[in-house]
$ cat protein.txt   # compact mmCIF, C-alpha atoms and all ligand atoms
# COMPACT_ATOMS: atom_id res chain seq x y z
CA MET A 7 -1.99 -1.15 1.65
CA VAL A 8 0.34 -1.70 4.59
CA CYS A 9 3.85 -0.49 5.43
CA LEU A 10 5.69 0.25 8.68
CA GLY A 11 4.86 3.88 9.47
CA ASN A 12 1.87 4.53 7.16
CA ILE A 13 3.42 7.87 6.22
CA CYS A 14 5.48 7.04 3.08
CA ARG A 15 4.87 3.89 1.04
CA SER A 16 1.36 2.75 2.00
CA PRO A 17 -0.32 6.18 1.80
CA LEU A 18 1.18 6.54 -1.67
CA ALA A 19 -0.07 3.10 -2.72
CA ASP A 20 -3.46 3.93 -1.18
CA GLY A 21 -3.67 7.30 -2.98
CA VAL A 22 -2.50 6.00 -6.37
CA LEU A 23 -4.91 3.03 -6.29
CA ARG A 24 -7.80 5.28 -5.10
CA HIS A 25 -7.03 7.68 -7.94
CA LYS A 26 -7.22 4.88 -10.53
CA VAL A 27 -10.33 3.34 -8.94
CA ASN A 28 -12.12 6.71 -8.97
CA LYS A 29 -11.11 7.44 -12.55
CA LEU A 30 -12.58 4.10 -13.68
CA ASN A 31 -15.56 4.39 -11.33
CA LEU A 32 -14.86 0.95 -9.81
CA ASN A 33 -16.50 -0.36 -6.69
CA ILE A 34 -13.35 -0.97 -4.63
CA ILE A 35 -12.69 0.37 -1.14
CA VAL A 36 -9.05 1.33 -0.66
CA ASP A 37 -7.34 2.12 2.64
CA SER A 38 -3.92 1.95 4.27
CA ALA A 39 -2.31 1.35 7.64
CA GLY A 40 1.08 0.89 9.31
CA THR A 41 2.23 -2.01 11.43
CA ALA A 42 3.86 0.42 13.88
CA ASN A 43 2.14 2.98 16.11
CA TYR A 44 4.79 5.76 15.81
CA HIS A 45 2.87 8.05 13.50
CA ILE A 46 -0.82 7.47 14.34
CA GLY A 47 -2.85 10.50 13.23
CA ALA A 48 0.00 12.01 11.19
CA SER A 49 -0.27 13.22 7.59
CA PRO A 50 1.93 11.50 5.00
CA ASP A 51 5.58 12.55 4.84
CA LYS A 52 5.95 15.92 3.02
CA ARG A 53 8.33 14.37 0.50
CA MET A 54 5.80 11.66 -0.37
CA ILE A 55 2.98 14.21 -0.65
CA ALA A 56 5.14 16.28 -3.05
CA THR A 57 6.13 13.27 -5.16
CA ALA A 58 2.47 12.18 -5.46
CA LYS A 59 1.41 15.73 -6.33
CA MET A 60 3.93 15.86 -9.19
CA LYS A 61 2.12 12.84 -10.65
CA GLY A 62 -1.32 14.39 -10.13
CA VAL A 63 -2.27 12.36 -7.05
CA ASP A 64 -3.44 13.99 -3.81
CA ILE A 65 -2.52 12.08 -0.64
CA GLY A 66 -2.44 15.10 1.70
CA PHE A 67 -5.80 14.26 3.28
CA LEU A 68 -4.74 10.79 4.51
CA LYS A 69 -3.98 10.21 8.21
CA ALA A 70 -1.83 7.39 9.55
CA ARG A 71 -3.39 4.59 11.54
CA GLN A 72 -2.16 1.26 12.84
CA PHE A 73 -3.10 -2.03 11.21
CA GLU A 74 -5.54 -3.97 13.39
CA TYR A 75 -7.21 -7.37 13.34
CA LYS A 76 -10.49 -5.81 12.12
CA ASP A 77 -8.75 -5.14 8.78
CA PHE A 78 -8.80 -8.88 8.06
CA GLU A 79 -12.58 -8.79 8.45
CA GLU A 80 -13.08 -5.66 6.36
CA PHE A 81 -10.78 -6.24 3.37
CA ASP A 82 -10.44 -8.99 0.76
CA SER A 83 -6.79 -8.26 0.00
CA ILE A 84 -3.99 -6.90 2.15
CA PHE A 85 -0.92 -5.73 0.25
CA VAL A 86 2.28 -5.29 2.23
CA MET A 87 5.37 -3.43 1.05
CA ASP A 88 8.12 -5.67 2.45
CA GLN A 89 8.88 -8.93 4.25
CA ASN A 90 8.88 -7.30 7.69
CA ASN A 91 5.41 -5.90 7.10
CA TYR A 92 4.39 -9.40 5.94
CA LYS A 93 5.68 -10.98 9.14
CA ASN A 94 3.99 -8.40 11.35
CA VAL A 95 0.63 -8.65 9.60
CA ILE A 96 0.66 -12.47 9.49
CA GLN A 97 1.29 -12.54 13.25
CA LEU A 98 -2.14 -10.96 13.75
CA ALA A 99 -3.95 -13.43 11.47
CA LYS A 100 -6.30 -15.88 13.19
CA THR A 101 -7.30 -18.18 10.32
CA ASP A 102 -5.86 -19.56 7.09
CA GLN A 103 -8.37 -17.39 5.26
CA ASP A 104 -6.86 -14.31 6.94
CA LYS A 105 -3.35 -15.43 5.98
CA CYS A 106 -4.34 -15.95 2.34
CA LYS A 107 -5.37 -12.30 2.07
CA VAL A 108 -1.82 -11.05 2.68
CA LYS A 109 0.48 -10.56 -0.32
CA LEU A 110 3.63 -8.62 -1.07
CA LEU A 111 2.47 -5.71 -3.25
CA LEU A 112 5.09 -6.37 -5.93
CA GLU A 113 3.98 -10.00 -6.29
CA VAL A 114 1.00 -8.76 -8.30
CA THR A 115 3.16 -7.86 -11.30
CA SER A 116 5.84 -9.66 -13.26
CA LYS A 117 6.95 -6.34 -14.78
CA VAL A 118 8.89 -5.39 -11.65
CA HIS A 119 12.03 -7.33 -10.81
CA ARG A 120 12.04 -6.64 -7.09
CA LYS A 121 10.18 -8.26 -4.27
CA GLU A 122 9.92 -5.32 -1.86
CA VAL A 123 9.04 -1.64 -2.03
CA PRO A 124 12.09 -0.12 -0.29
CA ASP A 125 11.57 2.19 2.67
CA PRO A 126 12.46 5.73 1.43
CA TYR A 127 12.31 7.38 4.87
CA TYR A 128 16.07 7.94 5.18
CA GLY A 129 16.53 8.24 1.41
CA THR A 130 16.66 10.92 -1.27
CA GLN A 131 14.13 12.30 -3.78
CA THR A 132 15.19 9.54 -6.20
CA ASP A 133 14.12 6.94 -3.62
CA PHE A 134 10.69 8.56 -3.28
CA GLU A 135 10.31 8.56 -7.07
CA GLU A 136 11.30 4.92 -7.23
CA VAL A 137 8.56 4.11 -4.71
CA TYR A 138 6.12 5.92 -7.00
CA GLU A 139 7.21 3.91 -10.08
CA LEU A 140 6.89 0.59 -8.24
CA VAL A 141 3.50 1.49 -6.78
CA ASP A 142 2.28 2.74 -10.16
CA GLN A 143 3.12 -0.60 -11.84
CA ALA A 144 1.64 -2.69 -9.04
CA THR A 145 -1.61 -0.72 -8.86
CA ASP A 146 -2.03 -1.02 -12.64
CA ALA A 147 -1.70 -4.79 -12.22
CA ILE A 148 -4.27 -4.82 -9.38
CA ILE A 149 -6.78 -2.97 -11.59
CA GLU A 150 -6.08 -5.26 -14.57
CA SER A 151 -6.58 -8.34 -12.46
CA TYR A 152 -9.82 -6.93 -10.94
CA LEU A 153 -11.19 -6.13 -14.42
CA ALA A 154 -10.24 -9.59 -15.70
CA ASP A 155 -12.06 -11.23 -12.74
CA GLU A 156 -15.12 -9.05 -13.32
CA LYS A 157 -15.35 -10.32 -16.88
CA GLY A 158 -15.20 -13.84 -15.49
P1 LIG B 201 6.86 3.90 5.67
O1 LIG B 201 8.22 4.64 6.03
O2 LIG B 201 6.86 2.59 6.41
O3 LIG B 201 6.93 3.75 4.21
O4 LIG B 201 5.73 4.83 6.15
C1 LIG B 201 8.66 4.85 7.34
C2 LIG B 201 8.22 5.95 8.03
C3 LIG B 201 8.69 6.21 9.30
C4 LIG B 201 9.59 5.33 9.88
C5 LIG B 201 10.01 4.22 9.19
C6 LIG B 201 9.55 3.97 7.92
N1 LIG B 201 10.09 5.60 11.17
O5 LIG B 201 10.98 4.85 11.63
O6 LIG B 201 9.65 6.55 11.82
$ encode --input "protein.txt" --output "structure tokens"
Amino acid sequence: MVCLGNICRSPLADGVLRHKVNKLNLNIIVDSAGTANYHIGASPDKRMIATAKMKGVDIGFLKARQFEYKDFEEFDSIFVMDQNNYKNVIQLAKTDQDKCKVKLLLEVTSKVHRKEVPDPYYGTQTDFEEVYELVDQATDAIIESYLADEKG
């Protein structure tokens, strides 16, 4: 899961997907990163931690890191929150195979009629909750698609 700062949207998406993966005992490794280096080593934003906690998801243990080329080698799918993240991640890709791994998170579901998860950093509590709703829908779709592929 990738956003700009790795303190709001992507740690939430990381935590919510991890929570679902653990509950279902699935063999999926989940992680997150930011395209920027501003917040390396920082905990998620307090408002995002609180919003996740209200929904029963702990993200307080996560620490921000910057997206790096190695992530293309380590992960099968790279979900970005918005078009800027997409551009920044694609710039680091070396092969077509790398590029194919990168998708806008909300592309995974037809239930959401938006393309981007909006940056809540300068927003209100409602904006943080909206991020949660979008991430919740998208991570459900990721799990459904994984389970469908498993069944073959
Ligand atoms: P995120 O939100 O990309 O969802 O983690 C942001 C966090 C910090 C900043 C921008 C977006 N910032 O400019 O510091």
$ residues_near_ligand --input "protein.txt" --ligand "ligand LIG 201 (chain B)" --cutoff "9 Å" --atoms "only C-alpha atoms and all ligand atoms" --output "PyMOL selection string"
chain A and resi 8-18+39-42+44-45+50-51+70+87+91+123-128
$ residues_near_point --input "protein.txt" --point "(3.7, 11.5, -10.5)" --cutoff "12 Å" --atoms "all atoms listed in the file" --output "ChimeraX atom specification"
/A:18,21-22,25,54-65,134-142
$ axis_aligned_box --input "protein.txt" --around "stretch 36-43 of chain A" --padding-each-side "6 Å" --output "lines of an AutoDock Vina configuration file"
center_x = -2.6
center_y = 0.5
center_z = 7.7
size_x = 24.9
size_y = 17.0
size_z = 28.8
$ closest_residue --input "protein.txt" --among "A:Asp155, A:Glu150, A:Glu74, A:Glu79" --to "A:Val114" --atoms "all atoms listed in the file"
A:Glu150
$ residues_around --input "protein.txt" --residues "A:Ala99" --least-positions-apart "5" --cutoff "9 Å" --atoms "only C-alpha atoms" --output "list in words"
Tyr75, Phe78, Asp104 and Lys105 of chain A
$ closest_residue --input "protein.txt" --among "A:Ala147, A:Val118, A:Leu111, A:Ile46" --to "A:Met7" --atoms "all atoms listed in the file"
A:Leu111
$ atom_distance --input "protein.txt" --atom1 "atom CA of A:Lys26" --atom2 "atom CA of A:Gln143"
11.8 Å
$ closest_residue --input "protein.txt" --among "A:Val86, A:Leu153, A:Leu32, A:Ala48" --to "A:Asp20" --atoms "only C-alpha atoms"
A:Val86
$ atom_distance --input "protein.txt" --atom1 "atom CA of A:Lys69" --atom2 "atom CA of A:Arg53"
15.1 Å
$ closest_residue --input "protein.txt" --among "A:Asp82, A:Gln131, A:Ala144, A:Asn90" --to "A:Ile35" --atoms "all atoms listed in the file"
A:Asp82
$ atom_distance --input "protein.txt" --atom1 "atom CA of A:Tyr152" --atom2 "atom CA of A:Ile84"
14.3 Å
$ closest_residue --input "protein.txt" --among "A:Lys29, A:Glu80, A:Ser38, A:Leu110" --to "A:Lys93" --atoms "only C-alpha atoms"
A:Leu110
$ closest_residue --input "protein.txt" --among "A:Asn28, A:Thr115, A:Gln103, A:Gln97" --to "A:Thr145" --atoms "all atoms listed in the file"
A:Thr115
